[in-house]
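Content type mmCIF, C-alpha atoms and all ligand atoms, from the file work.cif:
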data_input
#
loop_
_atom_site.label_atom_id
_atom_site.label_comp_id
_atom_site.auth_asym_id
_atom_site.auth_seq_id
_atom_site.Cartn_x
_atom_site.Cartn_y
_atom_site.Cartn_z
CA MET A 118 143.41 118.83 107.41
CA ILE A 119 142.54 116.20 104.79
CA PRO A 120 144.03 113.09 106.39
CA ILE A 121 146.24 110.73 104.37
CA ALA A 122 144.23 107.74 105.66
CA ARG A 123 140.91 107.23 107.42
CA PRO A 124 139.46 103.79 108.26
CA ILE A 125 135.72 103.55 107.57
CA ILE A 126 134.00 101.99 110.59
CA GLU A 127 130.19 102.07 110.39
CA GLU A 128 127.26 100.73 112.39
CA ASP A 129 127.46 97.26 110.86
CA GLU A 130 131.08 96.75 112.01
CA ILE A 131 130.09 97.95 115.50
CA HIS A 132 127.10 95.63 115.51
CA ALA A 133 129.26 92.66 114.42
CA VAL A 134 131.71 93.31 117.27
CA ASN A 135 128.85 93.64 119.78
CA GLU A 136 127.48 90.28 118.70
CA VAL A 137 130.80 88.58 119.33
CA MET A 138 131.18 90.30 122.70
CA ARG A 139 127.70 89.18 123.75
CA SER A 140 128.35 85.59 122.63
CA GLY A 141 131.18 85.35 125.16
CA VAL A 142 133.39 83.51 122.63
CA ILE A 143 135.81 86.31 121.86
CA ALA A 144 139.00 84.51 120.82
CA GLU A 145 138.56 81.35 118.76
CA GLY A 146 134.97 81.12 117.59
CA SER A 147 133.29 80.54 114.26
CA ARG A 148 134.04 83.97 112.73
CA VAL A 149 137.71 83.24 112.08
CA ALA A 150 136.90 80.13 110.00
CA GLU A 151 134.12 81.98 108.16
CA PHE A 152 136.43 84.92 107.39
CA GLU A 153 139.15 82.53 106.11
CA ASN A 154 136.61 80.81 103.91
CA LYS A 155 135.23 84.02 102.41
CA TYR A 156 138.65 85.58 101.96
CA SER A 157 140.08 82.54 100.16
CA LYS A 158 137.11 82.61 97.76
CA TYR A 159 137.57 86.34 97.18
CA ILE A 160 141.27 85.94 96.31
CA GLY A 161 140.65 82.74 94.35
CA VAL A 162 142.74 80.25 96.32
CA ASN A 163 141.95 77.04 98.16
CA HIS A 164 143.18 78.03 101.62
CA ALA A 165 143.46 81.12 103.80
CA ILE A 166 144.93 81.37 107.30
CA ALA A 167 143.89 84.33 109.46
CA VAL A 168 146.58 85.76 111.74
CA ASN A 169 147.10 88.78 113.98
CA SER A 170 149.20 90.95 111.62
CA GLY A 171 150.60 91.21 108.11
CA THR A 172 154.06 90.79 109.57
CA ALA A 173 153.02 87.45 111.12
CA ALA A 174 151.56 86.43 107.75
CA LEU A 175 154.92 87.10 106.07
CA GLN A 176 156.85 85.18 108.70
CA ILE A 177 154.52 82.17 108.54
CA ALA A 178 154.54 82.11 104.73
CA LEU A 179 158.35 82.06 104.63
CA GLN A 180 158.69 79.47 107.38
CA ALA A 181 155.98 77.24 105.93
CA ALA A 182 157.83 77.36 102.59
CA GLY A 183 160.88 76.03 104.44
CA ILE A 184 163.01 79.18 104.21
CA GLY A 185 165.72 79.23 106.87
CA LYS A 186 169.38 79.60 107.76
CA GLY A 187 171.75 79.97 104.81
CA ASP A 188 168.97 80.81 102.35
CA GLU A 189 168.64 84.03 100.37
CA VAL A 190 165.32 85.67 99.56
CA ILE A 191 165.20 88.37 96.88
CA THR A 192 162.91 91.29 97.67
CA SER A 193 162.43 95.03 97.27
CA SER A 194 164.16 97.60 99.47
CA PHE A 195 161.47 100.14 98.59
CA SER A 196 158.91 98.80 101.06
CA PHE A 197 157.83 98.81 104.67
CA ILE A 198 160.50 97.38 107.00
CA ALA A 199 158.37 94.30 107.83
CA THR A 200 158.92 92.90 104.32
CA ALA A 201 162.64 92.38 104.89
CA ASN A 202 162.46 91.81 108.66
CA SER A 203 160.22 88.79 108.09
CA ILE A 204 163.09 87.22 106.12
CA LEU A 205 165.48 87.91 109.01
CA TYR A 206 163.04 86.24 111.46
CA THR A 207 163.61 82.97 109.57
CA ASP A 208 167.42 83.38 109.77
CA ALA A 209 167.58 83.77 105.99
CA ARG A 210 169.18 86.76 104.25
CA PRO A 211 167.21 89.45 102.42
CA VAL A 212 168.82 90.31 99.07
CA PHE A 213 167.58 93.55 97.53
CA ALA A 214 166.83 93.96 93.83
CA ASP A 215 166.16 97.40 92.34
CA ILE A 216 162.70 98.58 91.27
CA SER A 217 161.19 99.91 88.10
CA PRO A 218 160.76 103.70 88.62
CA ASP A 219 157.44 103.66 86.72
CA THR A 220 155.54 101.30 89.03
CA PHE A 221 157.81 101.37 92.12
CA ASN A 222 157.78 97.54 92.04
CA ILE A 223 160.67 95.07 91.86
CA ASP A 224 162.19 94.83 88.38
CA PRO A 225 162.30 91.21 87.08
CA ASP A 226 165.55 91.91 85.17
CA GLU A 227 167.14 93.06 88.43
CA ILE A 228 165.90 89.89 90.15
CA GLN A 229 167.81 87.83 87.55
CA THR A 230 171.08 89.57 88.41
CA LYS A 231 170.69 88.75 92.14
CA ILE A 232 170.03 85.00 91.86
CA THR A 233 172.76 82.82 93.40
CA PRO A 234 172.90 79.11 94.32
CA ARG A 235 171.62 80.13 97.77
CA THR A 236 168.49 81.86 96.47
CA LYS A 237 165.41 79.99 97.71
CA ALA A 238 162.54 82.41 97.24
CA LEU A 239 161.35 85.64 95.67
CA LEU A 240 159.33 88.10 97.74
CA PRO A 241 157.79 90.74 95.46
CA VAL A 242 155.78 93.57 97.06
CA HIS A 243 152.64 94.91 95.35
CA LEU A 244 153.50 98.42 96.46
CA TYR A 245 150.75 101.06 96.83
CA GLY A 246 148.22 98.50 95.51
CA HIS A 247 149.84 98.04 92.09
CA PRO A 248 150.60 94.40 91.20
CA ALA A 249 154.25 93.48 90.75
CA GLU A 250 155.07 91.80 87.40
CA MET A 251 153.76 88.43 88.53
CA LYS A 252 153.63 86.60 85.20
CA THR A 253 157.33 87.25 84.60
CA ILE A 254 158.25 86.65 88.25
CA MET A 255 156.45 83.29 88.26
CA GLU A 256 158.33 82.30 85.08
CA ILE A 257 161.67 83.13 86.71
CA ALA A 258 160.64 81.19 89.84
CA GLU A 259 159.60 78.16 87.82
CA ASP A 260 162.80 78.20 85.80
CA LYS A 261 165.03 78.52 88.88
CA LYS A 262 162.86 76.34 91.18
CA LEU A 263 162.18 79.12 93.68
CA ASP A 264 159.25 79.71 96.01
CA VAL A 265 157.28 82.93 95.63
CA ILE A 266 155.83 84.79 98.61
CA GLU A 267 153.81 87.88 97.67
CA ASP A 268 153.67 90.85 100.02
CA ALA A 269 150.12 91.88 99.17
CA CYS A 270 149.71 93.86 102.41
CA GLN A 271 148.73 96.93 100.35
CA ALA A 272 146.97 95.09 97.52
CA HIS A 273 143.63 93.55 98.57
CA GLY A 274 141.72 93.21 95.30
CA ALA A 275 144.59 94.18 92.97
CA MET A 276 144.82 92.07 89.83
CA GLU A 277 147.10 91.19 86.94
CA HIS A 278 145.17 89.88 83.91
CA GLY A 279 142.16 89.06 86.10
CA ARG A 280 144.16 87.14 88.69
CA HIS A 281 144.31 88.45 92.23
CA ALA A 282 147.52 89.58 93.91
CA GLY A 283 148.11 86.91 96.52
CA SER A 284 146.98 84.03 94.29
CA PHE A 285 150.18 83.51 92.28
CA GLY A 286 152.58 82.36 95.00
CA ILE A 287 151.85 82.36 98.73
CA GLY A 288 149.94 85.57 99.44
CA THR A 289 150.28 87.68 102.58
CA PHE A 290 147.89 90.46 103.57
CA SER A 291 147.63 93.04 106.35
CA PHE A 292 144.39 94.39 107.82
CA TYR A 293 145.96 97.29 109.72
CA PRO A 294 143.51 100.25 109.98
CA THR A 295 145.10 102.27 107.15
CA LYS A 296 144.98 99.39 104.61
CA ASN A 297 142.28 98.96 101.96
CA MET A 298 140.26 96.92 104.47
CA THR A 299 140.77 96.43 108.21
CA THR A 300 140.20 94.11 111.17
CA SER A 301 141.99 96.56 113.56
CA GLU A 302 145.26 94.58 113.64
CA GLY A 303 145.22 91.45 111.51
CA GLY A 304 146.61 89.54 108.56
CA MET A 305 145.99 86.62 106.20
CA ILE A 306 148.00 84.02 104.30
CA THR A 307 146.52 82.73 101.03
CA THR A 308 147.66 79.59 99.21
CA HIS A 309 146.64 76.88 96.77
CA ASP A 310 148.93 74.43 98.58
CA MET A 311 147.45 72.13 101.22
CA GLU A 312 150.86 71.45 102.78
CA ILE A 313 151.55 75.19 103.26
CA ASP A 314 148.09 75.51 104.82
CA THR A 315 148.71 72.65 107.25
CA VAL A 316 152.17 73.83 108.33
CA GLY A 317 151.08 77.49 108.38
CA ARG A 318 148.25 76.69 110.80
CA MET A 319 150.70 74.88 113.07
CA ILE A 320 153.13 77.81 113.10
CA ARG A 321 150.22 80.14 113.89
CA SER A 322 149.38 78.22 117.05
CA HIS A 323 152.38 76.82 118.96
CA GLY A 324 153.31 74.16 116.42
CA SER A 325 150.28 72.03 117.13
CA LYS A 326 147.50 70.50 115.04
CA GLN A 327 145.92 69.00 118.07
CA ARG A 328 145.83 70.97 121.30
CA TYR A 329 148.80 70.19 123.61
CA HIS A 330 150.57 68.07 120.95
CA HIS A 331 153.48 70.18 119.71
CA GLU A 332 155.31 68.97 116.62
CA MET A 333 157.41 72.03 115.86
CA LEU A 334 158.31 75.49 117.15
CA GLY A 335 155.31 77.72 116.70
CA TYR A 336 154.00 81.05 117.94
CA ASN A 337 150.77 82.70 118.98
CA PHE A 338 149.85 84.50 115.76
CA ARG A 339 146.10 83.80 116.00
CA MET A 340 143.35 86.22 114.92
CA THR A 341 140.51 86.83 117.38
CA ASP A 342 136.82 86.39 116.56
CA ILE A 343 136.38 90.11 117.27
CA SER A 344 138.81 90.97 114.48
CA ALA A 345 137.31 88.37 112.13
CA ALA A 346 133.83 89.82 112.71
CA ILE A 347 135.09 93.25 111.59
CA GLY A 348 136.87 91.64 108.63
CA LEU A 349 133.72 89.86 107.44
CA VAL A 350 131.85 93.17 107.24
CA GLN A 351 134.78 95.01 105.64
CA LEU A 352 135.31 92.27 103.02
CA LYS A 353 131.76 92.86 101.74
CA LYS A 354 132.64 96.54 101.23
CA LEU A 355 136.13 96.02 99.81
CA ASP A 356 135.18 96.22 96.13
CA ASP A 357 133.24 99.45 96.74
CA PHE A 358 136.13 100.90 98.77
CA ASN A 359 138.56 100.03 95.98
CA GLN A 360 136.25 101.41 93.29
CA LYS A 361 136.16 104.72 95.14
CA ARG A 362 139.96 104.77 95.46
CA ILE A 363 140.29 104.08 91.72
CA GLU A 364 137.83 106.89 90.88
CA ASN A 365 139.61 109.31 93.21
CA ALA A 366 142.95 108.40 91.65
CA GLY A 367 141.60 108.94 88.14
CA TYR A 368 140.21 112.33 89.13
CA LEU A 369 143.51 113.39 90.72
CA SER A 370 145.54 112.24 87.70
CA ALA A 371 143.28 114.12 85.28
CA GLY A 372 143.67 117.28 87.41
CA LEU A 373 147.42 117.02 87.97
CA LYS A 374 148.37 115.99 84.44
CA GLY A 375 151.01 118.17 82.86
CA LEU A 376 152.08 120.06 85.99
CA PRO A 377 155.81 120.77 85.60
CA GLY A 378 157.99 118.49 87.75
CA ILE A 379 155.12 116.24 88.82
CA ASP A 380 154.80 112.63 87.56
CA THR A 381 151.42 111.01 88.22
CA PRO A 382 151.11 107.25 88.90
CA GLN A 383 151.28 104.82 85.97
CA ILE A 384 149.26 101.65 85.61
CA ARG A 385 150.88 98.72 83.81
CA SER A 386 148.63 97.33 81.07
CA GLY A 387 146.44 94.42 82.19
CA CYS A 388 146.59 95.49 85.83
CA THR A 389 144.00 96.63 88.35
CA HIS A 390 145.72 99.13 90.68
CA VAL A 391 143.72 99.47 93.91
CA PHE A 392 145.49 102.65 95.02
CA HIS A 393 146.34 101.88 98.60
CA GLN A 394 148.38 105.02 98.02
CA TYR A 395 148.22 107.63 95.26
CA THR A 396 151.89 108.44 94.86
CA ILE A 397 153.40 111.16 92.68
CA ARG A 398 157.06 111.85 91.94
CA VAL A 399 158.48 115.34 92.40
CA THR A 400 161.28 115.59 89.85
CA ASP A 401 164.07 118.14 89.32
CA ASP A 402 161.78 120.29 87.13
CA CYS A 403 159.53 121.11 90.08
CA ARG A 404 159.74 124.61 91.54
CA TYR A 405 160.04 123.15 95.05
CA GLU A 406 161.96 120.25 96.47
CA ARG A 407 159.87 117.34 97.69
CA ASP A 408 160.11 118.11 101.42
CA ARG A 409 159.31 121.80 100.88
CA LEU A 410 156.25 120.84 98.83
CA VAL A 411 155.10 118.54 101.68
CA THR A 412 155.33 121.47 104.12
CA LEU A 413 153.44 123.80 101.79
CA LEU A 414 150.69 121.23 101.16
CA GLY A 415 150.36 120.84 104.94
CA LYS A 416 149.90 124.63 105.27
CA HIS A 417 147.01 124.31 102.80
CA GLY A 418 145.38 121.59 104.91
CA ILE A 419 146.48 118.67 102.77
CA GLY A 420 147.84 115.65 104.62
CA THR A 421 150.58 113.74 102.81
CA GLY A 422 152.73 110.69 103.41
CA ILE A 423 156.20 109.69 102.29
CA TYR A 424 156.34 105.95 101.74
CA TYR A 425 159.23 105.42 102.19
CA PRO A 426 161.79 108.16 102.87
CA ILE A 427 164.62 105.71 103.66
CA PRO A 428 164.85 102.45 101.71
CA ILE A 429 165.30 99.35 103.86
CA HIS A 430 168.93 98.76 102.82
CA LYS A 431 169.81 102.22 104.18
CA GLN A 432 168.04 101.84 107.55
CA PRO A 433 170.53 102.03 110.43
CA PHE A 434 169.80 98.46 111.47
CA TYR A 435 170.51 97.18 107.97
CA THR A 436 173.69 99.18 107.47
CA ARG A 437 174.88 97.68 110.78
CA LEU A 438 174.16 94.25 109.30
CA GLY A 439 176.59 95.19 106.54
CA TYR A 440 174.30 96.22 103.69
CA THR A 441 176.08 98.64 101.36
CA ASP A 442 173.87 98.21 98.27
CA SER A 443 173.51 100.96 95.77
CA LEU A 444 170.07 100.63 94.17
CA LYS A 445 169.77 103.40 91.61
CA ASN A 446 166.01 103.67 91.12
CA THR A 447 165.18 102.86 94.74
CA ASP A 448 167.52 105.60 95.94
CA ILE A 449 166.13 108.16 93.46
CA VAL A 450 162.42 107.58 94.06
CA SER A 451 162.76 107.52 97.85
CA ARG A 452 163.78 111.20 97.49
CA GLU A 453 160.95 112.02 95.06
CA VAL A 454 157.72 110.38 96.25
CA ILE A 455 154.74 112.03 97.92
CA SER A 456 151.47 110.22 98.59
CA LEU A 457 148.29 112.32 98.44
CA PRO A 458 144.92 111.47 100.07
CA VAL A 459 143.01 108.96 97.88
CA HIS A 460 141.03 106.92 100.44
CA PRO A 461 137.28 106.34 99.95
CA SER A 462 136.17 109.14 102.25
CA VAL A 463 138.01 111.95 100.43
CA SER A 464 135.26 114.16 98.96
CA ARG A 465 135.11 115.68 95.49
CA GLU A 466 135.62 119.15 97.06
CA GLU A 467 138.72 117.90 98.84
CA LEU A 468 140.10 116.43 95.61
CA ASP A 469 139.45 119.77 93.88
CA HIS A 470 141.27 121.56 96.70
CA ILE A 471 144.28 119.23 96.28
CA ILE A 472 144.34 119.78 92.51
CA THR A 473 143.99 123.57 92.76
CA THR A 474 146.66 123.84 95.45
CA MET A 475 149.08 121.62 93.54
CA GLY A 476 148.50 123.78 90.46
CA GLU A 477 149.19 127.00 92.38
CA LEU A 478 152.31 125.61 94.04
CA THR A 479 153.93 124.03 91.01
CA GLY A 480 152.45 125.83 87.97
C1 LIG A 501 151.40 97.06 106.39
C2 LIG A 501 152.48 96.32 105.70
C3 LIG A 501 153.11 95.21 106.26
C4 LIG A 501 152.90 94.75 107.67
O1 LIG A 501 151.61 94.57 108.07
P1 LIG A 501 151.21 94.72 109.64
O2 LIG A 501 149.80 94.26 109.66
O3 LIG A 501 151.38 96.16 109.99
O4 LIG A 501 152.11 93.83 110.40
C5 LIG A 501 154.04 94.53 105.49
N1 LIG A 501 154.37 94.93 104.25
C6 LIG A 501 153.80 96.02 103.69
C7 LIG A 501 154.19 96.41 102.30
C8 LIG A 501 152.85 96.76 104.39
O5 LIG A 501 152.32 97.85 103.83
#
Translate this structure into structure tokens?
Ligand SMILES: *Cc1c(COP(=O)(O)O)cnc(C)c1O
Amino acid sequence: MIPIARPIIEEDEIHAVNEVMRSGVIAEGSRVAEFENKYSKYIGVNHAIAVNSGTAALQIALQAAGIGKGDEVITSSFSFIATANSILYTDARPVFADISPDTFNIDPDEIQTKITPRTKALLPVHLYGHPAEMKTIMEIAEDKKLDVIEDACQAHGAMEHGRHAGSFGIGTFSFYPTKNMTTSEGGMITTHDMEIDTVGRMIRSHGSKQRYHHEMLGYNFRMTDISAAIGLVQLKKLDDFNQKRIENAGYLSAGLKGLPGIDTPQIRSGCTHVFHQYTIRVTDDCRYERDRLVTLLGKHGIGTGIYYPIPIHKQPFYTRLGYTDSLKNTDIVSREVISLPVHPSVSREELDHIITTMGELTG
């Protein structure tokens, strides 16, 4: 089976972990600070805060921006559950705006229709590694005096007009093993703002700047030196990993172009899409329904993923909270998407097998 994701762990990651283990300083050592420093430079921001998951990064970013009870945060329902849950953790209310069906990202015109006097922040998601429309979103935010938190958990290295995802508002990243780079579990907050950095660090570690002096309610969201050591090695490889994903995506799109009922991914002009996922749409013209095609691809040894089969506003927990939204494009694409293997270790032969099989099944 060609897996849908495969983390690349080599001798240098193993060596880096061994070094930390031998040093005896396995929690808070020098690697975390070094990783923060290198990551902030990579993204092009002044500050980065390493944490133990992308979900923690989202929660810290929102809380450091002062989001709380009575506030509304506009986000996408076509995302991983953590995007919206992080808003609930702050006692604020997620408000869902529909997406553009071409890029699967939040539609700025739809954001405009959801703004109320309670709106405090926008939380766009750079889904599958494709940047959301950040220039337009930042203009809306400026005009309406809103904070912007970017869910860049799938978008390490993605860019809009040469600027990194995660450098427009407050950036949040995940280093879960299936992401474009990993630290095992892990996450990062990126910001230009010194105040966000200061408060974010306090929230990460029990509300204290100085050990045993607690100024606010905080958590234990710290990254370990073991994770940071893996991250430092992976960060050096990130551009090569992404380049391979982009090449694989280009090869797949060339091979799948024109198949009836199959729409290949689009890239908005001026954007670097880092293809965390390579996601096609199976439309009404296809010979098979989406779920049937997934089964048949599996029989041919091709692993697939459906991200995400149920939009957040339709999850049982959210319907119990009273969400009854009807989001036209979100609802349509959640029935149409299939992600195909695109990660750096998919071989040319495997890509050819995917293309040939897709041709046989849909042609
Ligand atoms: C992975 C992911 C998260 C959460 O990151 P974790 O490290 O798993 O907590 C949040 N949002 C999106 C879009 C993700 O893909």
Practice task
Find the residues near ligand LIG 501 (chain A). Use a cut-off of 8 Å, count only C-alpha atoms and all ligand atoms, and write them as a list of chain:residue names.
Solution key: A:Asn169, A:Ser170, A:Gly171, A:Thr172, A:Ala173, A:Ala174, A:Leu175, A:Ser196, A:Phe197, A:Ile198, A:Ala199, A:Thr200, A:Val242, A:His243, A:Leu244, A:Tyr245, A:Asp268, A:Ala269, A:Cys270, A:Gln271, A:Phe290, A:Ser291, A:Phe292, A:Tyr293, A:Lys296, A:Glu302, A:Gly303, A:Gly304
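Residues in contact range of Asp401 in chain A, defined as at most 12 Å between all atoms listed in the file, with sequence neighbours fewer than 6 positions away removed, read Pro377, Gly378, Ile379, Asp380, Arg407, Ile449, Val450, Arg452, Glu453 and Thr479 of chain A.
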Practice task
Would you list the contacts of Asp356 in chain A as a list in words, taking every protein, DNA or RNA residue within 10 Å and counting all atoms listed in the file, but skipping same-chain residues closer than 2 positions in sequence?
Solution key: His273, Gly274, Asn297, Met298, Gln351, Leu352, Lys353, Lys354, Phe358, Asn359, Gln360, Lys361, Arg362 and Val391 of chain A
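In terms of minimum interatomic distance to Gln180 in chain A, A:Thr207 ranks closest within A:Asn202, A:Thr207, A:Thr381, A:Gln432, counting only C-alpha atoms.
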Exercise for the section: In the coordinate frame of the file, compute which residues have an atom within 8 Å of (144.8, 86.8, 119.1) when using only C-alpha atoms, and state them as a count of residues only. Expected result: 8
Practice task
Work out how far CA of Phe285 in chain A is from CA of Met311 in chain A, in Å to one decimal.
Solution key: 14.7 Å
Problem - Which of A:Ile177, A:Ile228, A:Ile125, A:Ile160 sits closest to Thr295 in chain A [using only C-alpha atoms] - result: A:Ile125
Exercise for the section: Might you pull out every residue within 10 Å of range 420-423 of chain A, with all atoms listed in the file counted and same-chain residues fewer than 5 positions away left off, and present them as a PyMOL selection string? Expected result: chain A and resi 118-122+394-396+407-408+410-412+414-415+451-458+471
Fill in the blank from the handout: Pairwise distance, CA of Leu413 in chain A with CA of Gly246 in chain A, equals 26.6 Å
Practice task
Give as a ChimeraX atom specification every residue, naming chains and numbers as the document does, that has an atom within 12 Å of (134.0, 85.2, 97.2), counting all atoms listed in the file.
Solution key: /A:151-163,274,281,349,352-353,355-356
Give me, as a Markdown table, the closest atom pair and its distance (Å, one decimal) for every residue of range 203-238 of chain A within a cut-off of 8 Å of range 185-193 of chain A, counting all atoms listed in the file, rows sorted by chain and rising number.
| residue | atom | partner | partner_atom | distance |
| --- | --- | --- | --- | --- |
| A:Ile204 | CA | A:Val190 | CA | 7.1 |
| A:Thr207 | CA | A:Gly185 | CA | 5.1 |
| A:Asp208 | CA | A:Lys186 | CA | 4.7 |
| A:Ala209 | CA | A:Lys186 | CA | 4.9 |
| A:Arg210 | CA | A:Glu189 | CA | 4.8 |
| A:Pro211 | CA | A:Val190 | CA | 5.1 |
| A:Val212 | CA | A:Ile191 | CA | 4.7 |
| A:Phe213 | CA | A:Thr192 | CA | 5.2 |
| A:Ala214 | CA | A:Ser193 | CA | 5.7 |
| A:Asp215 | CA | A:Ser193 | CA | 6.6 |
| A:Ile216 | CA | A:Ser193 | CA | 7.0 |
| A:Asn222 | CA | A:Ser193 | CA | 7.4 |
| A:Ile223 | CA | A:Ser193 | CA | 5.7 |
| A:Ile228 | CA | A:Ile191 | CA | 6.9 |
| A:Lys231 | CA | A:Ile191 | CA | 7.3 |
| A:Ile232 | CA | A:Ile191 | CA | 7.7 |
| A:Arg235 | CA | A:Asp188 | CA | 5.3 |
| A:Thr236 | CA | A:Glu189 | CA | 4.5 |
| A:Lys237 | CA | A:Glu189 | CA | 5.8 |
| A:Ala238 | CA | A:Val190 | CA | 4.9 |
